[in-house]
Each structure stands twice: as structure tokens, then as C-alpha cells.
$ cat upload.tsv   # TSV, C-alpha atoms
chain	number	residue	atom	x	y	z
A	1	MET	CA	-8.25	-18.10	23.10
A	2	THR	CA	-8.19	-17.87	26.92
A	3	ARG	CA	-4.53	-18.85	26.92
A	4	LEU	CA	-3.74	-16.29	24.23
A	5	ILE	CA	-5.50	-13.55	26.21
A	6	ALA	CA	-3.35	-14.36	29.22
A	7	TYR	CA	-0.21	-14.29	27.09
A	8	ALA	CA	-1.18	-11.00	25.45
A	9	GLU	CA	-1.78	-9.36	28.81
A	10	SER	CA	1.57	-10.57	30.09
A	11	ALA	CA	4.48	-8.16	30.32
A	12	ASP	CA	6.66	-10.87	28.80
A	13	THR	CA	7.67	-9.74	25.30
A	14	GLY	CA	8.26	-13.32	24.20
A	15	LEU	CA	4.70	-14.28	25.07
A	16	GLN	CA	3.35	-11.21	23.34
A	17	ARG	CA	5.25	-12.13	20.19
A	18	GLU	CA	3.87	-15.64	20.36
A	19	VAL	CA	0.29	-14.35	20.51
A	20	ALA	CA	0.71	-11.86	17.69
A	21	GLU	CA	2.51	-14.35	15.45
A	22	LYS	CA	-0.09	-17.06	16.08
A	23	LEU	CA	-2.95	-14.72	15.18
A	24	ALA	CA	-1.12	-13.33	12.13
A	25	ASN	CA	-0.63	-16.86	10.80
A	26	GLU	CA	-4.21	-17.91	11.52
A	27	ALA	CA	-5.62	-14.73	9.98
A	28	VAL	CA	-4.17	-15.68	6.61
A	29	LYS	CA	-6.89	-18.33	6.39
A	30	GLN	CA	-10.07	-16.84	4.96
A	31	GLU	CA	-12.30	-19.11	7.02
A	32	ARG	CA	-10.64	-17.97	10.26
A	33	GLN	CA	-10.63	-14.20	9.75
A	34	GLN	CA	-14.11	-13.39	11.00
A	35	GLN	CA	-13.97	-16.10	13.65
A	36	ILE	CA	-10.84	-14.59	15.21
A	37	VAL	CA	-12.55	-11.21	15.56
A	38	GLU	CA	-15.77	-12.74	16.89
A	39	LEU	CA	-13.78	-14.61	19.55
A	40	GLY	CA	-12.11	-11.41	20.78
A	41	GLY	CA	-8.95	-11.32	18.70
A	42	LEU	CA	-8.98	-7.53	18.47
A	43	ARG	CA	-8.91	-7.36	22.26
A	44	LEU	CA	-5.56	-9.09	22.03
A	45	LEU	CA	-4.07	-7.35	19.05
A	46	LEU	CA	-4.93	-3.67	19.44
A	47	PRO	CA	-3.11	-3.23	22.78
A	48	LEU	CA	-0.09	-5.03	21.31
A	49	THR	CA	0.30	-2.24	18.74
A	50	GLU	CA	1.39	-0.10	21.71
A	51	SER	CA	4.04	-2.54	22.88
A	52	ASN	CA	7.56	-1.24	23.53
A	53	ASP	CA	8.88	-4.02	21.30
A	54	ALA	CA	9.01	-3.27	17.55
A	55	GLU	CA	8.65	-6.95	16.62
A	56	VAL	CA	5.48	-7.29	18.69
A	57	GLN	CA	4.11	-4.19	16.98
A	58	ARG	CA	5.02	-5.56	13.54
A	59	LEU	CA	3.38	-8.91	14.20
A	60	ALA	CA	0.26	-7.25	15.62
A	61	ALA	CA	0.01	-4.93	12.61
A	62	HIS	CA	0.58	-7.94	10.32
A	63	ALA	CA	-2.30	-9.79	11.99
A	64	LEU	CA	-4.54	-6.72	11.66
A	65	ALA	CA	-3.61	-6.43	7.98
A	66	ASN	CA	-4.64	-10.05	7.42
A	67	LEU	CA	-7.89	-9.66	9.38
A	68	SER	CA	-8.80	-6.45	7.55
A	69	VAL	CA	-9.22	-8.31	4.26
A	70	ASN	CA	-12.64	-9.46	5.51
A	71	ALA	CA	-15.42	-6.93	4.80
A	72	ASP	CA	-17.24	-7.50	8.12
A	73	ASN	CA	-13.97	-7.19	10.02
A	74	GLN	CA	-13.33	-3.82	8.35
A	75	ILE	CA	-16.42	-2.46	10.08
A	76	THR	CA	-15.68	-4.06	13.45
A	77	MET	CA	-12.05	-2.99	13.47
A	78	ALA	CA	-13.03	0.62	12.81
A	79	GLU	CA	-15.64	0.52	15.57
A	80	GLU	CA	-13.15	-0.89	18.10
A	81	GLY	CA	-10.43	1.70	17.57
A	82	GLY	CA	-8.30	-0.11	15.02
A	83	ILE	CA	-7.95	2.88	12.71
A	84	GLU	CA	-6.57	5.14	15.43
A	85	MET	CA	-4.10	2.46	16.58
A	86	LEU	CA	-2.83	1.89	13.05
A	87	VAL	CA	-2.48	5.60	12.30
A	88	LYS	CA	-0.44	5.96	15.47
A	89	LEU	CA	1.94	3.26	14.18
A	90	LEU	CA	2.43	5.21	10.95
A	91	SER	CA	3.67	8.24	12.85
A	92	ILE	CA	6.40	6.45	14.83
A	93	ARG	CA	9.76	7.38	13.34
A	94	LYS	CA	12.43	4.85	14.30
A	95	SER	CA	15.07	3.23	12.13
A	96	ASN	CA	13.74	-0.29	12.69
A	97	PHE	CA	10.09	0.55	12.02
A	98	GLU	CA	9.89	0.07	8.25
A	99	ALA	CA	8.29	-3.36	8.60
A	100	VAL	CA	5.77	-1.93	11.09
A	101	HIS	CA	4.95	0.94	8.71
A	102	ARG	CA	4.45	-1.50	5.85
A	103	GLN	CA	1.97	-3.68	7.73
A	104	ALA	CA	0.08	-0.72	9.23
A	105	SER	CA	-0.22	0.89	5.79
A	106	LYS	CA	-1.43	-2.40	4.33
A	107	ALA	CA	-4.08	-2.70	7.04
A	108	LEU	CA	-5.28	0.86	6.40
A	109	ALA	CA	-5.38	0.16	2.66
A	110	ASN	CA	-7.72	-2.75	3.35
A	111	LEU	CA	-9.81	-0.77	5.83
A	112	GLY	CA	-10.00	2.08	3.31
A	113	VAL	CA	-11.96	-0.09	0.90
A	114	ASN	CA	-14.99	0.53	3.12
A	115	ALA	CA	-16.72	3.82	2.24
A	116	THR	CA	-17.32	4.90	5.85
A	117	ASN	CA	-13.76	4.03	6.82
A	118	LYS	CA	-12.41	6.37	4.15
A	119	GLU	CA	-13.82	9.24	6.18
A	120	LYS	CA	-12.78	7.75	9.51
A	121	ILE	CA	-9.16	7.37	8.39
A	122	SER	CA	-9.10	11.01	7.33
A	123	ASP	CA	-10.72	12.07	10.61
A	124	ALA	CA	-8.01	10.13	12.46
A	125	GLN	CA	-5.37	12.20	10.61
A	126	GLY	CA	-4.21	9.19	8.65
A	127	ILE	CA	-3.57	10.90	5.32
A	128	PRO	CA	-0.49	13.04	6.21
A	129	PRO	CA	1.59	10.12	7.56
A	130	LEU	CA	0.61	7.99	4.57
A	131	VAL	CA	1.85	10.76	2.28
A	132	GLU	CA	5.14	10.81	4.18
A	133	LEU	CA	5.50	7.04	3.87
A	134	ALA	CA	4.77	7.27	0.15
A	135	LYS	CA	8.16	9.00	-0.05
A	136	SER	CA	9.95	6.10	1.68
A	137	ARG	CA	13.08	4.69	0.04
A	138	ASN	CA	11.85	1.29	1.14
A	139	ILE	CA	9.80	0.19	-1.87
A	140	SER	CA	7.58	-2.20	0.10
A	141	VAL	CA	6.58	0.64	2.44
A	142	SER	CA	5.89	3.16	-0.31
A	143	VAL	CA	3.85	0.61	-2.29
A	144	GLU	CA	1.52	-0.04	0.64
A	145	ALA	CA	1.24	3.65	1.54
A	146	ILE	CA	0.33	4.58	-2.04
A	147	ALA	CA	-2.14	1.68	-2.19
A	148	ALA	CA	-3.82	3.10	0.92
A	149	LEU	CA	-3.92	6.60	-0.59
A	150	ALA	CA	-5.40	5.17	-3.80
A	151	ASN	CA	-8.26	3.61	-1.85
A	152	LEU	CA	-8.82	6.72	0.25
A	153	ALA	CA	-8.92	8.90	-2.88
A	154	VAL	CA	-12.25	7.35	-3.87
A	155	ASN	CA	-13.83	10.07	-1.73
A	156	ASP	CA	-14.18	13.69	-2.80
A	157	ALA	CA	-12.86	15.25	0.41
A	158	ASN	CA	-9.95	12.81	0.67
A	159	GLU	CA	-9.02	13.44	-2.95
A	160	VAL	CA	-8.53	17.09	-2.13
A	161	GLU	CA	-6.75	16.44	1.19
A	162	ILE	CA	-4.23	14.05	-0.37
A	163	ALA	CA	-3.23	16.68	-2.92
A	164	GLU	CA	-3.12	19.46	-0.33
A	165	SER	CA	-0.95	17.28	1.91
A	166	GLY	CA	1.63	16.97	-0.87
A	167	GLY	CA	0.62	13.49	-2.00
A	168	LEU	CA	0.75	14.07	-5.74
A	169	GLU	CA	4.52	14.59	-5.86
A	170	PRO	CA	5.61	11.25	-4.34
A	171	ILE	CA	2.91	9.36	-6.25
A	172	LEU	CA	4.09	10.82	-9.55
A	173	ALA	CA	7.70	10.10	-8.59
A	174	ALA	CA	6.76	6.48	-7.88
A	175	ALA	CA	4.90	6.25	-11.18
A	176	ALA	CA	8.05	7.36	-12.99
A	177	THR	CA	10.16	4.52	-11.56
A	178	GLU	CA	10.78	1.18	-13.24
A	179	ASN	CA	9.28	-0.78	-10.34
A	180	VAL	CA	6.09	-2.53	-11.47
A	181	ASP	CA	4.47	-2.54	-8.02
A	182	LEU	CA	5.04	1.18	-7.60
A	183	GLN	CA	3.78	1.84	-11.11
A	184	SER	CA	0.65	-0.22	-10.52
A	185	GLN	CA	-0.39	1.46	-7.27
A	186	SER	CA	0.61	4.93	-8.47
A	187	ALA	CA	-1.34	4.62	-11.71
A	188	ARG	CA	-4.38	3.55	-9.70
A	189	ALA	CA	-3.92	6.43	-7.27
A	190	LEU	CA	-3.53	8.96	-10.09
A	191	ARG	CA	-6.67	7.69	-11.76
A	192	ASN	CA	-8.62	8.34	-8.55
A	193	LEU	CA	-6.90	11.65	-7.80
A	194	SER	CA	-7.42	13.08	-11.28
A	195	VAL	CA	-11.18	13.52	-10.93
A	196	ASN	CA	-11.03	16.78	-8.95
A	197	PRO	CA	-10.64	19.88	-11.19
A	198	GLU	CA	-7.88	21.43	-9.05
A	199	ASN	CA	-6.02	18.15	-8.91
A	200	LYS	CA	-6.13	17.90	-12.69
A	201	LYS	CA	-4.28	21.21	-12.93
A	202	LYS	CA	-1.74	20.16	-10.31
A	203	ILE	CA	-1.02	16.83	-11.98
A	204	VAL	CA	-0.48	18.55	-15.34
A	205	GLY	CA	1.70	21.22	-13.71
A	206	LEU	CA	3.85	18.57	-12.02
A	207	GLY	CA	4.57	16.86	-15.33
A	208	GLY	CA	2.08	14.07	-14.87
A	209	ILE	CA	1.01	13.72	-18.50
A	210	PRO	CA	4.36	12.43	-19.87
A	211	ILE	CA	4.62	10.02	-16.95
A	212	LEU	CA	1.13	8.67	-17.55
A	213	MET	CA	1.68	8.53	-21.31
A	214	LYS	CA	4.73	6.34	-20.75
A	215	LEU	CA	2.75	4.01	-18.48
A	216	ALA	CA	-0.17	3.89	-20.91
A	217	GLY	CA	2.17	2.93	-23.72
A	218	GLN	CA	3.55	-0.17	-22.02
A	219	SER	CA	3.03	-3.61	-23.52
A	220	SER	CA	0.39	-6.02	-22.31
A	221	ASP	CA	1.55	-8.44	-19.64
A	222	PRO	CA	2.94	-11.81	-20.72
A	223	GLY	CA	-0.08	-13.73	-19.46
A	224	GLY	CA	-2.31	-12.01	-22.00
A	225	GLY	CA	-4.99	-9.42	-21.37
A	226	GLU	CA	-4.59	-5.72	-20.87
A	227	ASN	CA	-1.98	-4.63	-18.42
A	228	ARG	CA	-3.56	-3.15	-15.29
A	229	ILE	CA	-1.02	-0.34	-15.28
A	230	VAL	CA	-1.92	0.58	-18.86
A	231	LYS	CA	-5.62	0.53	-18.02
A	232	GLN	CA	-5.30	2.77	-14.96
A	233	ALA	CA	-2.91	5.21	-16.67
A	234	THR	CA	-5.23	5.44	-19.67
A	235	ARG	CA	-8.16	6.25	-17.43
A	236	ALA	CA	-6.13	8.86	-15.56
A	237	LEU	CA	-5.24	10.48	-18.88
A	238	ALA	CA	-8.90	10.44	-19.90
A	239	ASN	CA	-9.74	12.25	-16.65
A	240	LEU	CA	-7.16	14.87	-17.67
A	241	GLY	CA	-8.72	15.17	-21.10
A	242	VAL	CA	-5.82	13.48	-22.90
A	243	SER	CA	-6.01	10.55	-25.27
A	244	ALA	CA	-3.41	7.85	-24.68

$ encode --input "upload.tsv" --output "C-alpha cells"
Amino acid sequence: MTRLIAYAESADTGLQREVAEKLANEAVKQERQQQIVELGGLRLLLPLTESNDAEVQRLAAHALANLSVNADNQITMAEEGGIEMLVKLLSIRKSNFEAVHRQASKALANLGVNATNKEKISDAQGIPPLVELAKSRNISVSVEAIAALANLAVNDANEVEIAESGGLEPILAAAATENVDLQSQSARALRNLSVNPENKKKIVGLGGIPILMKLAGQSSDPGGGENRIVKQATRALANLGVSA
């Protein structure tokens, strides 16, 4: 770890990439996730999100996304400024930043599982850029952004803010596509967003019922068992007072 700290603090982009890539690969292993944080891994990664090199930023965000799967790490990362760093990455608009946006959104989706972090992400102004990324033409980016919004929507204030920030439109548009990943995350998001009375009206007004009816009418997946998309769409419709 001492060697990695020295590399991370170096101005050499190649060394920074090496550190971020090493930690991203190690953080895939469940048994290493908490250990990396306990040994000071965040001290290495968070400054690298501010690198001038897009690949360093992507690798650092990728490592943070892997680390944020761990429930204890979700708390520590929020306490050490990880949310603010990741939100900042979402707001960078450069042509080569789609991979960075994807990993930062994925990390925030994981962090947003924690109830306290749902509020912290909103306080850090994370919802508006996630709504913008939900509109991305890059499917992998929009999937992760919508997944993050779905997790954040399990909070009354966030549910309202997502709708007021224009989040319902891109989520419904994603739900109406033929892409299974977009359908899955959008159906989940709509289920969570359709609890608030004002949101119910907005979803209906935006043509959400036919979209959800189509999703709810899909066949079960080949492996057997109820399709997750069908289940989430059916629950969203029930929130709207409609029987699938």
C-alpha cells in the first residue's frame, strides 16, 4: 500500500493509472473490499477522480464503484467525501467521458442503497446530473443513471425532486425501448416514483400507463420464474390504481 500511495501522489499519469487499475481489479473481490478501505484506499482513489487524465478518472471511479458494493464501505465513502467527488464527475461534459459517467453513476447507485446516503446525494446536488445522464444515448450510461435514481427514489423528498428535475420523462422513454436493461431499471424506478400523489398524476399525464401495461404483459424469462420487469411494472401500475 505504501508503494501505491507514492504512485498515486506522483504527477506521472502512467503511475496514477497503475494505482487506480490495481485497486479496481482488487476491489472486485468481496473479501478485499473492506480491507482496501481500511488500509487507506480511499486516500488514494478520491484525489485521482480530480486527475486531468480521463482514463485515470475512469479507473478511479471504477474502483469506487466496486468498493461501494460493501455496506460498511458505503458509510465510510460518504463520510470521507466520496459522494461529492462522484457527483463532480457526473457534471463534467466532455466527449470522452461516457465511461467515467457510467462508473460514477454506478458508484452512486450503490451508495444510494444506504438510507442516509440517499439524503447526502441529494444534498450534494447529485439528482440533476443523474437526470441528465438518464437521457444519454449511451445505453450503459443511462442504465446506471436510472439505477441510481431508482435507489434514490426510495426517499420521499428525493421522489419529489427527481420528478421536479424532469426525471420522469427520460425514465418513461427508457421504459418504452426494447432494451431489457433499460426496461428493468426504468420499471424499478417507476415503481418507486409512483408512490407520491403528484408523481402519479405526472406519470399518467406523460402516457406512463400504456408503457407500464406493455412491460407488465411481457412473458416470463426463459429460466422460469416471474420476470423482474413484469413484477416491477405491475407494482407501479398498482401504485397508480391500475390492474395489470

$ residues_near_point --input "upload.tsv" --point "(-2.2, -4.1, 19.1)" --cutoff "9 Å" --atoms "all atoms listed in the file" --output "PDB file with C-alpha atoms, keeping the file's coordinate frame"
ATOM      1  CA  ALA A  20       0.710 -11.860  17.690  1.00  0.00           C
ATOM      2  CA  LEU A  42      -8.980  -7.530  18.470  1.00  0.00           C
ATOM      3  CA  ARG A  43      -8.910  -7.360  22.260  1.00  0.00           C
ATOM      4  CA  LEU A  44      -5.560  -9.090  22.030  1.00  0.00           C
ATOM      5  CA  LEU A  45      -4.070  -7.350  19.050  1.00  0.00           C
ATOM      6  CA  LEU A  46      -4.930  -3.670  19.440  1.00  0.00           C
ATOM      7  CA  PRO A  47      -3.110  -3.230  22.780  1.00  0.00           C
ATOM      8  CA  LEU A  48      -0.090  -5.030  21.310  1.00  0.00           C
ATOM      9  CA  THR A  49       0.300  -2.240  18.740  1.00  0.00           C
ATOM     10  CA  GLU A  50       1.390  -0.100  21.710  1.00  0.00           C
ATOM     11  CA  SER A  51       4.040  -2.540  22.880  1.00  0.00           C
ATOM     12  CA  VAL A  56       5.480  -7.290  18.690  1.00  0.00           C
ATOM     13  CA  GLN A  57       4.110  -4.190  16.980  1.00  0.00           C
ATOM     14  CA  LEU A  59       3.380  -8.910  14.200  1.00  0.00           C
ATOM     15  CA  ALA A  60       0.260  -7.250  15.620  1.00  0.00           C
ATOM     16  CA  ALA A  61       0.010  -4.930  12.610  1.00  0.00           C
ATOM     17  CA  LEU A  64      -4.540  -6.720  11.660  1.00  0.00           C
ATOM     18  CA  GLY A  82      -8.300  -0.110  15.020  1.00  0.00           C
ATOM     19  CA  MET A  85      -4.100   2.460  16.580  1.00  0.00           C
ATOM     20  CA  LEU A  86      -2.830   1.890  13.050  1.00  0.00           C
TER      21      LEU A  86
END

$ residues_around --input "upload.tsv" --residues "segment 87-91 of chain A" --least-positions-apart "4" --cutoff "8 Å" --atoms "all atoms listed in the file" --output "ChimeraX atom specification"
/A:49,83,100-101,104-105,121,124-126,129-130,133

$ closest_atom_pairs --input "upload.tsv" --of "segment 5-103 of chain A" --to "segment 137-143 of chain A" --cutoff "12 Å" --atoms "all atoms listed in the file" --output "tab-separated table"
residue	atom	partner	partner_atom	distance
A:Leu90	CA	A:Val141	CA	10.5
A:Ser95	CA	A:Asn138	CA	11.6
A:Asn96	CA	A:Asn138	CA	11.8
A:Phe97	CA	A:Val141	CA	10.2
A:Glu98	CA	A:Val141	CA	6.7
A:Ala99	CA	A:Val141	CA	7.5
A:Val100	CA	A:Val141	CA	9.1
A:His101	CA	A:Val141	CA	6.5
A:Arg102	CA	A:Val141	CA	4.6
A:Gln103	CA	A:Val141	CA	8.2

$ atom_distance --input "upload.tsv" --atom1 "atom CA of Leu149 of chain A" --atom2 "atom CA of Gln74 of chain A"
16.6 Å

$ closest_residue --input "upload.tsv" --among "A:Asn25, A:Gln16, A:Gln30, A:Ser68" --to "Ala54 of chain A" --atoms "only C-alpha atoms"
A:Gln16

$ atom_distance --input "upload.tsv" --atom1 "atom CA of Pro197 of chain A" --atom2 "atom CA of Asn239 of chain A"
9.4 Å

$ residues_around --input "upload.tsv" --residues "Lys118 of chain A" --least-positions-apart "6" --cutoff "12 Å" --atoms "all atoms listed in the file" --output "NGL selection string"
:A and (74-75 or 78 or 83 or 108-112 or 124-127 or 148-159 or 161)

$ write_last_selection --input "upload.tsv" --atoms "C-alpha atoms" --output "PDB file, keeping the file's coordinate frame"
ATOM      1  CA  GLN A  74     -13.330  -3.820   8.350  1.00  0.00           C
ATOM      2  CA  ILE A  75     -16.420  -2.460  10.080  1.00  0.00           C
ATOM      3  CA  ALA A  78     -13.030   0.620  12.810  1.00  0.00           C
ATOM      4  CA  ILE A  83      -7.950   2.880  12.710  1.00  0.00           C
ATOM      5  CA  LEU A 108      -5.280   0.860   6.400  1.00  0.00           C
ATOM      6  CA  ALA A 109      -5.380   0.160   2.660  1.00  0.00           C
ATOM      7  CA  ASN A 110      -7.720  -2.750   3.350  1.00  0.00           C
ATOM      8  CA  LEU A 111      -9.810  -0.770   5.830  1.00  0.00           C
ATOM      9  CA  GLY A 112     -10.000   2.080   3.310  1.00  0.00           C
ATOM     10  CA  ALA A 124      -8.010  10.130  12.460  1.00  0.00           C
ATOM     11  CA  GLN A 125      -5.370  12.200  10.610  1.00  0.00           C
ATOM     12  CA  GLY A 126      -4.210   9.190   8.650  1.00  0.00           C
ATOM     13  CA  ILE A 127      -3.570  10.900   5.320  1.00  0.00           C
ATOM     14  CA  ALA A 148      -3.820   3.100   0.920  1.00  0.00           C
ATOM     15  CA  LEU A 149      -3.920   6.600  -0.590  1.00  0.00           C
ATOM     16  CA  ALA A 150      -5.400   5.170  -3.800  1.00  0.00           C
ATOM     17  CA  ASN A 151      -8.260   3.610  -1.850  1.00  0.00           C
ATOM     18  CA  LEU A 152      -8.820   6.720   0.250  1.00  0.00           C
ATOM     19  CA  ALA A 153      -8.920   8.900  -2.880  1.00  0.00           C
ATOM     20  CA  VAL A 154     -12.250   7.350  -3.870  1.00  0.00           C
ATOM     21  CA  ASN A 155     -13.830  10.070  -1.730  1.00  0.00           C
ATOM     22  CA  ASP A 156     -14.180  13.690  -2.800  1.00  0.00           C
ATOM     23  CA  ALA A 157     -12.860  15.250   0.410  1.00  0.00           C
ATOM     24  CA  ASN A 158      -9.950  12.810   0.670  1.00  0.00           C
ATOM     25  CA  GLU A 159      -9.020  13.440  -2.950  1.00  0.00           C
ATOM     26  CA  GLU A 161      -6.750  16.440   1.190  1.00  0.00           C
TER      27      GLU A 161
END

$ residues_around --input "upload.tsv" --residues "Ile146 of chain A" --least-positions-apart "6" --cutoff "10 Å" --atoms "all atoms listed in the file" --output "short mmCIF file (atom, residue, chain, number, x, y, z; two decimals) with C-alpha atoms, in the coordinates of the input"
data_model
loop_
_atom_site.label_atom_id
_atom_site.label_comp_id
_atom_site.auth_asym_id
_atom_site.auth_seq_id
_atom_site.Cartn_x
_atom_site.Cartn_y
_atom_site.Cartn_z
CA SER A 105 -0.22 0.89 5.79
CA LYS A 106 -1.43 -2.40 4.33
CA ALA A 109 -5.38 0.16 2.66
CA LEU A 130 0.61 7.99 4.57
CA VAL A 131 1.85 10.76 2.28
CA LEU A 133 5.50 7.04 3.87
CA ALA A 134 4.77 7.27 0.15
CA LYS A 135 8.16 9.00 -0.05
CA LEU A 152 -8.82 6.72 0.25
CA GLY A 167 0.62 13.49 -2.00
CA PRO A 170 5.61 11.25 -4.34
CA ILE A 171 2.91 9.36 -6.25
CA ALA A 174 6.76 6.48 -7.88
CA LEU A 182 5.04 1.18 -7.60
CA SER A 184 0.65 -0.22 -10.52
CA GLN A 185 -0.39 1.46 -7.27
CA SER A 186 0.61 4.93 -8.47
CA ALA A 187 -1.34 4.62 -11.71
CA ARG A 188 -4.38 3.55 -9.70
CA ALA A 189 -3.92 6.43 -7.27
CA LEU A 190 -3.53 8.96 -10.09
#

$ atom_distance --input "upload.tsv" --atom1 "atom CA of Gly81 of chain A" --atom2 "atom CA of Arg93 of chain A"
21.4 Å

$ residues_around --input "upload.tsv" --residues "Glu79 of chain A" --least-positions-apart "6" --cutoff "10 Å" --atoms "all atoms listed in the file" --output "PDB file with C-alpha atoms, in the frame of the given file"
ATOM      1  CA  ASN A  73     -13.970  -7.190  10.020  1.00  0.00           C
ATOM      2  CA  ASN A 117     -13.760   4.030   6.820  1.00  0.00           C
ATOM      3  CA  LYS A 120     -12.780   7.750   9.510  1.00  0.00           C
TER       4      LYS A 120
END

$ closest_residue --input "upload.tsv" --among "A:Leu168, A:Ile211, A:Val160, A:Leu237" --to "Arg191 of chain A" --atoms "all atoms listed in the file"
A:Leu237

$ closest_residue --input "upload.tsv" --among "A:Glu26, A:Glu119, A:Glu80, A:Glu132" --to "Ser165 of chain A" --atoms "all atoms listed in the file"
A:Glu132

$ residues_around --input "upload.tsv" --residues "Arg235 of chain A" --least-positions-apart "5" --cutoff "10 Å" --atoms "all atoms listed in the file" --output "list of chain:residue names"
A:Ala187, A:Arg188, A:Leu190, A:Arg191, A:Asn192, A:Ser194, A:Leu212, A:Ala216, A:Ile229, A:Val230, A:Leu240, A:Gly241, A:Val242, A:Ser243, A:Ala244

$ closest_residue --input "upload.tsv" --among "A:Thr234, A:Thr116, A:Ser122, A:Thr13" --to "Ile209 of chain A" --atoms "only C-alpha atoms"
A:Thr234
